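K.L.:
The structure follows.
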Amino acid sequence: MAQHVHDSLIYDRRLRPIYELLELGNNKKALQEAEKLLKKMPVLPCGRALKALALLRLGREEESNTLLKALAEEKPSDEATLQVLSFCYKETEQLEKICELYKEALKKSPGNDELLAHLFMSYVRLDDFKSQQTVALQLYRQVRGNPYYFWAVNSVVLQGLRGPESSVPAKRSLFLALAQRMVEEFISQEKIKDEQEVQLYLSILMEQGKFKEALDFLGGTLCQKVYPGAHKSLKIDLFKKLNMWNELNSYLKMNLRSERDRWDYYKDYLTSCFELAKLNDTTEENENNILDNCHEFLCQLIEGGKRVRGPYLARLELHKRMRENNMNAKELLGDFADLIIEYFRFFGDKQCCTNDIALFLESISRDERITVASKLVRDSGISSTTLPQNKEQMQKHICSLQLSRMCGSNIGLSQEHLLALYTALRLHYEHGLSAFGQNLLSTDMGPSDPYSLLATHIMYDVAAEEGKSYHLIEAICLLYYVLQNSPSNFHAKLLLLKIYHFLGCGVGAHQIYESLDIKHIQLESMGYLHCALLPATGLVSVAKSVYDVTLSFFTTSYKERLEYIAMAYKYGSFSKIEEFMDFRDRLSNSLHYASTSAEQLLLELVCLSGALWQNLNTYKMMSIHPAEDRIKWNELADNRDLSVVVRWDPIDLIDHNEKQNSFDQDIECLQIRSHLLRLVASFIDALNSHDKIQAENSNEGNRNTEVLESLKTSWNEIFKRIRSKNFTKSSNKFLVNLLPSRLHAMLDMPYETFFSDVAEFLIDLSINFQLTDDRVAQLNGNVSKVQTILCDSVRENNDQEDNIWNRREIQQRIVSAVEILSLYAFVLSVCHQKYATTPVQAKKSKKKEGVQKTASENLSQRIIGLMRHLKQELQICDNELVLWKQPKFHTSLAECMSGMSLNPQVESSVTTKVSDIFKENHLQTIKDLRNIIKDKIRMVNK
Amino acid sequence: MTTLRPFTCDDMFKFNNVNLDPLTETYGLAFYMQYLAHWPEYFQVAESPSGEIMGYIMGKAEGQRENWHGHVTALTVSPDYRRLGLAGLLMNFLEDVSEDKKAYFVDLFVRVSNKVAINMYTNLGYIVYRTVLEYYSGDPDEDAYDMRKALSRDVDKKSMIPLLHPARPEDVD
Ligand SMILES: CC(C)(COP(=O)(O)OP(=O)(O)OC[C@H]1O[C@@H](n2cnc3c(N)ncnc32)[C@H](O)[C@@H]1OP(=O)(O)O)[C@@H](O)C(=O)NCCC(=O)NCCS
């Protein structure tokens, strides 16, 4: 007791302030305080643990490690110290050590339930299900609480489903049967208390295909008592699994009567009808009977109260399924187009009507779709000479227009026709705004906004057909105008973001991006819209800040991933555990995470600007470790939300493989980018380790050269492999299409030869200490080639009548050129320090010294020669960038805006704003690129 | 036309169409995960026939004795699917879960400026129990209404007797 009081006093007075400082991230102060405390109480384990944590967070890993090691050897057993040590191990990803820690502590106080619980969680972090089971049972014996017992059950289940033996069917069954028995023992003793326990039992039965048992259990008293809200969906699922179509049918009919708008019920209800029809297929009559009844039932629901979409949609679905089954749907339900029109008449004034009808468009032919489309437009009652009389009619009109684009009505129209359509939409927008869009809250979307969104898509079509930017810029102006009226219309913002990136205008894109306030998980699912496109814009500071925010989300989530599953155990939410595991893997292996990490490091290398020792320090802090490939290539996950940008593109022209193709290509792009990073790092390491080459066979030096050699080989192999796949660029037929993967730029620009030649140069240098004339010519030739690409690109853009439309691609080439030369500059600067400032001391034999000296002077001269050449070429690039011309705006842009019947003030403010953004983008890009180049000129100035 | 099902982690990758709405907050990952881990039955999503997320509700059960209640932490419906009764459906669901748990009432906080939501809750039978001053931080901070509706266990609707004096954020929760 006295001891305890003493402990808690120390804790309160001495330790807590240190905890608090660490929590606030004030690691330096925390370290000072810890050291102060340790002066007084040098052995206090918790004090030392806190010191280790502070050191770790200050990046002083070695010192921290020494301390940690010593502490671990003492086998601490007090809760506080163990906690802090666990933190340290979590941060350094040494999760096994946490298990060791608690195992040792338990030896000192066997059966301590708190320690056991920690030990259990430490196995959870490692997915070590077997050890989880053991510890959970120990805990259960100790404490006798249900939760621990079910921890054990769940651990057994996981061994069967995901453990090392889960792929052996016999083992899998064994584990599941064991888990089932464990629960049943509890059931027989009437110990089951919790809904999640029941759910776990049900899922164990389901995993074993014991559907009948599950169904019986679901209907039993225990389940009714403990789990009254048992999901109906579970019962439905079981009926389906057991082919109990009659039961399913009546169960769903019962439920649909009270919930007439449940799509999930209708779908299964219809399935049950078709299955029953199949079963009783002895006579066609019978089959018809069942579907007749089904139709009858839907009609009852239609008439049975307030008008809801459910039964109407179900009828469309019935029509569709009958046609799929070659049944005579028309006879039973009438003409499909008529049903759609009927639906439209009832629900066309709801925004969701477009999506509803779209569900069924694929089931009819293109010709039929065109017919439906024109019927819908006619039915909306709006023609070229009339305007909507009320909000509902306007929404109907909007819906009919969206659907007719989806049906393909816009395809094949002449440019004039499309432009006329655009003008009409713009006018409808204006009209709707003044008639129905007044007094909106700033958080509302304008009711006529969809006209403008549709108009934007059409303008993209026109621009793409012409290959000119003019009409697309007009669309930008229109969208800004929309945003003035409804500032929180995120659809308009997302379209702007797409257009800006399409036109290579990163500054505009970034402004819009900021206004979207994208954060947390959205950084992952929407990162592809901005973050992933930044490498090609050349906007260094923008890119850096977005990478930082994005990566801080990922690193935090990566750390936290360890706790979610533990939390699910803590609350006994067994139904979530596997889901959490999958989610953890999906997020940890995110392609966007891996790419952004690589881009951030590459950008940092490209932007190096200080003195050599500073740069080497920065480089060291990046801890790249070229020998390790840390990316799990086969597990990379695509978590992009492509559906977030609105589209109504013709359904038969939508490329359903777009996402997969772009994912595949982006993975290959990452292969190259991450390899580039590792290759450059291996250059630096190889050069740096020469420092230590006192004796010729320094191990580290050799190893570094070996790494370099093997990376060089794989570098060439990667390119060969990727080129042989002949990837095609994505088409950008529609505005929402993803931009072509950067992979193509990586293949088109001379990355491969350039860095492969640098690698050979360095290998040659480190093994033979030589730099031949041929090599010099080759390297200088490569540099000149990159310079030419850059200058030609600038000139190409300058010569273009419309220097905005192709800007993105040209800009991307220029940015790549700067990147290549910058990385090379850094490598040369390190090389220079090693070979040109100090004589090579490889051979110390006195006799040869004279020869060596001239050789090394010679080498040094040659390296300086390389640098001078690079400097010259960089100078040329810099001069050319100055000549890069501003984006030219079509003189009639202002005209077109005034044609928009906007008031003149709005019009001029919008056009000025847009042209200013493009100008700013141009100037900023040039400024950022020139800064990089100037730094590099300084870097190689010898 | 709805499919109602438990919210899963993967839904976070595709709830953007709902969350980009300016009145809908996107919370840190840990926040959602905590709700999923602790009150999975209280986190439901309404899905459209094409598999799009139309809206979701996130809540919890908390409190002691007569204060044992269901709480709505977030309720949101995508702009494309408003005025179809979805919010009502989701609220019903949460009330049913709370009934199953034998809670006394359901409560929630809403910005005093959010007329649409306040109106909706009122139509669903909620009353303003009290005002919480400067509950939402921002520029400027905004007050919240703490709204409540009694469940069947609170026979006398004691939980719905409004308080006359506003509370401070630190006094609630
Ligand atoms: C508030 C919100 C959830 C309502 O969703 P919803 O699915 O459109 O609401 P419902 O269709 O279920 O509406 C139920 C009732 O509320 C009222 N209501 C809802 N929206 C309304 C509106 N815009 N104007 C007037 N009344 C409205 C109506 O009485 C409606 O019943 P009715 O359509 O039969 O007349 C939705 O607008 C939203 O997501 N807003 C942004 C997020 C938010 O504010 N959440 C609440 C934070 S606490």
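Chain labels run A, B, ... following the order of the structure tokens; each chain numbers its residues from 1, and ligands are numbered from 1 in the order shown.
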What's around Phe15 of chain B at 10 Å? Count only C-alpha atoms, leave out sequence neighbours fewer than 2 positions away in its own chain, and write the answer as a list in words.
P.N.:
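Here the answer would be Ile521, Gln522, Ser525, Asp641 and Val644 of chain A; Asp10, Asp11, Met12, Phe13, Asn17, Val18, Asn19, Leu20, Thr26, Val45, Glu52, Ile53, Met54, Gly55, Tyr56 and Ser78 of chain B.
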K.L.:
How about saving the chosen residues, C-alpha atoms kept, as a PDB file, in the first residue's frame?
P.N.:
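Below is the file out_39.pdb, written as the result:
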ATOM      1  CA  ILE A 521     -10.155   9.498 -45.827  1.00  0.00           C
ATOM      2  CA  GLN A 522     -11.188  11.703 -48.734  1.00  0.00           C
ATOM      3  CA  SER A 525     -10.535   8.300 -52.252  1.00  0.00           C
ATOM      4  CA  ASP A 641     -13.954   6.974 -55.835  1.00  0.00           C
ATOM      5  CA  VAL A 644     -17.823  11.290 -57.417  1.00  0.00           C
TER       6      VAL A 644
ATOM      7  CA  ASP B  10     -15.308   0.342 -47.387  1.00  0.00           C
ATOM      8  CA  ASP B  11     -18.255   2.711 -47.546  1.00  0.00           C
ATOM      9  CA  MET B  12     -15.876   5.411 -46.410  1.00  0.00           C
ATOM     10  CA  PHE B  13     -14.167   5.216 -49.784  1.00  0.00           C
ATOM     11  CA  ASN B  17     -21.222  12.375 -52.830  1.00  0.00           C
ATOM     12  CA  VAL B  18     -22.864  12.638 -49.453  1.00  0.00           C
ATOM     13  CA  ASN B  19     -20.010  14.132 -47.483  1.00  0.00           C
ATOM     14  CA  LEU B  20     -19.109  16.926 -49.860  1.00  0.00           C
ATOM     15  CA  THR B  26     -16.068  14.477 -42.635  1.00  0.00           C
ATOM     16  CA  VAL B  45     -26.293   3.234 -44.775  1.00  0.00           C
ATOM     17  CA  GLU B  52     -24.618   4.503 -54.696  1.00  0.00           C
ATOM     18  CA  ILE B  53     -24.640   5.744 -51.101  1.00  0.00           C
ATOM     19  CA  MET B  54     -27.721   7.903 -50.664  1.00  0.00           C
ATOM     20  CA  GLY B  55     -27.249   8.693 -47.007  1.00  0.00           C
ATOM     21  CA  TYR B  56     -26.302   7.301 -43.660  1.00  0.00           C
ATOM     22  CA  SER B  78     -27.052  13.164 -50.580  1.00  0.00           C
TER      23      SER B  78
END
K.L.:
Just need the residues of chain A within 7 Å of chain B, counting only C-alpha atoms, so spit them out as a ChimeraX atom specification.
P.N.:
/A:228-229,261-264,309-310,351-352,359,443,488,490,520-521,525,564,567-568,571,573,576,583,639,641,644
K.L.:
Enumerate, as a PyMOL selection string, the complete set of residues in segment 178-372 of chain A that a backbone-based DSSP assignment places in alpha helix (DSSP H).
P.N.:
chain A and resi 178-188+195-207+211-219+221-226+232-241+245-258+263-279+284-303+309-324+329-333+336-347+353-361+366-372
K.L.:
Excluding Glu23 of chain A and any residue of its chain fewer than 6 positions from it, enumerate the residues within 12 Å of it, using only C-alpha atoms, and give them as a list in words.
P.N.:
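The neighbour list is Arg16, Pro17, Lys29, Ala30, Leu50, Leu53, Ala54, Arg57 and Phe87 of chain A.
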K.L.:
Please report the interatomic distance between atom CA of Ile814 of chain A and atom CA of His592 of chain A in Å with one decimal.
P.N.:
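So the answer is 23.7 Å.
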K.L.:
Name the closest residue to ligand 1 among the candidates B:Gly59, B:Gly51, B:Gly88, B:Pro169; distances are taken between atoms, counting only C-alpha atoms and all ligand atoms.
P.N.:
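Smallest distance to ligand 1 is found for B:Gly88.
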K.L.:
Can you pull out the residues contacting segment 312-319 of chain A? Cut-off 9 Å, using only C-alpha atoms, and skip same-chain residues under 3 positions away; I want them as a compact mmCIF listing (two decimals) with C-alpha atoms, in the first residue's frame.
P.N.:
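Just written: around_5.txt:
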# COMPACT_ATOMS: atom_id res chain seq x y z
CA TRP A 263 -35.24 -2.12 -53.12
CA TYR A 266 -38.09 -6.18 -54.19
CA LYS A 267 -35.02 -7.63 -55.81
CA LEU A 270 -38.67 -10.94 -57.81
CA LEU A 291 -45.71 -13.81 -62.54
CA CYS A 294 -46.36 -10.98 -58.80
CA HIS A 295 -47.62 -8.24 -61.07
CA LEU A 298 -46.98 -4.90 -57.25
CA CYS A 299 -50.14 -3.21 -58.47
CA ILE A 302 -48.86 0.86 -56.08
CA VAL A 308 -43.59 5.84 -53.56
CA ARG A 309 -41.09 4.81 -56.20
CA MET A 322 -38.90 -11.27 -68.00
CA ARG A 323 -37.21 -10.11 -71.17
CA GLU A 324 -33.92 -11.53 -69.96
CA ASN A 328 -43.47 -12.19 -72.93
CA ALA A 329 -43.18 -9.14 -70.78
CA LYS A 330 -45.10 -6.95 -73.14
CA LEU A 332 -48.21 -8.94 -69.10
CA LEU A 333 -46.91 -5.43 -68.45
CA GLY A 334 -47.27 -3.55 -71.69
CA PHE A 336 -41.43 -0.96 -71.69
CA LEU A 339 -43.74 2.14 -68.41
CA ILE A 340 -40.69 4.35 -68.35
CA TYR A 343 -42.49 6.47 -64.23
CA ASP A 356 -33.64 5.39 -61.43
CA ILE A 357 -34.42 5.22 -65.14
CA PHE A 360 -32.90 0.09 -67.06
CA MET B 1 -36.12 3.11 -53.16
K.L.:
Hey, which of B:Tyr129, B:Lys115, B:Pro162, B:Val77 ends up closest to ligand 1? Count only C-alpha atoms and all ligand atoms.
P.N.:
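Result for the nearest residue to ligand 1: B:Val77.
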K.L.:
Run DSSP on the backbone and tell me which residues of segment 11-154 of chain B come out as strand (DSSP E); list them as a VMD selection string.
P.N.:
chain B and resid 43 to 47 53 to 62 69 to 77 105 to 111 127 to 136 142 to 150
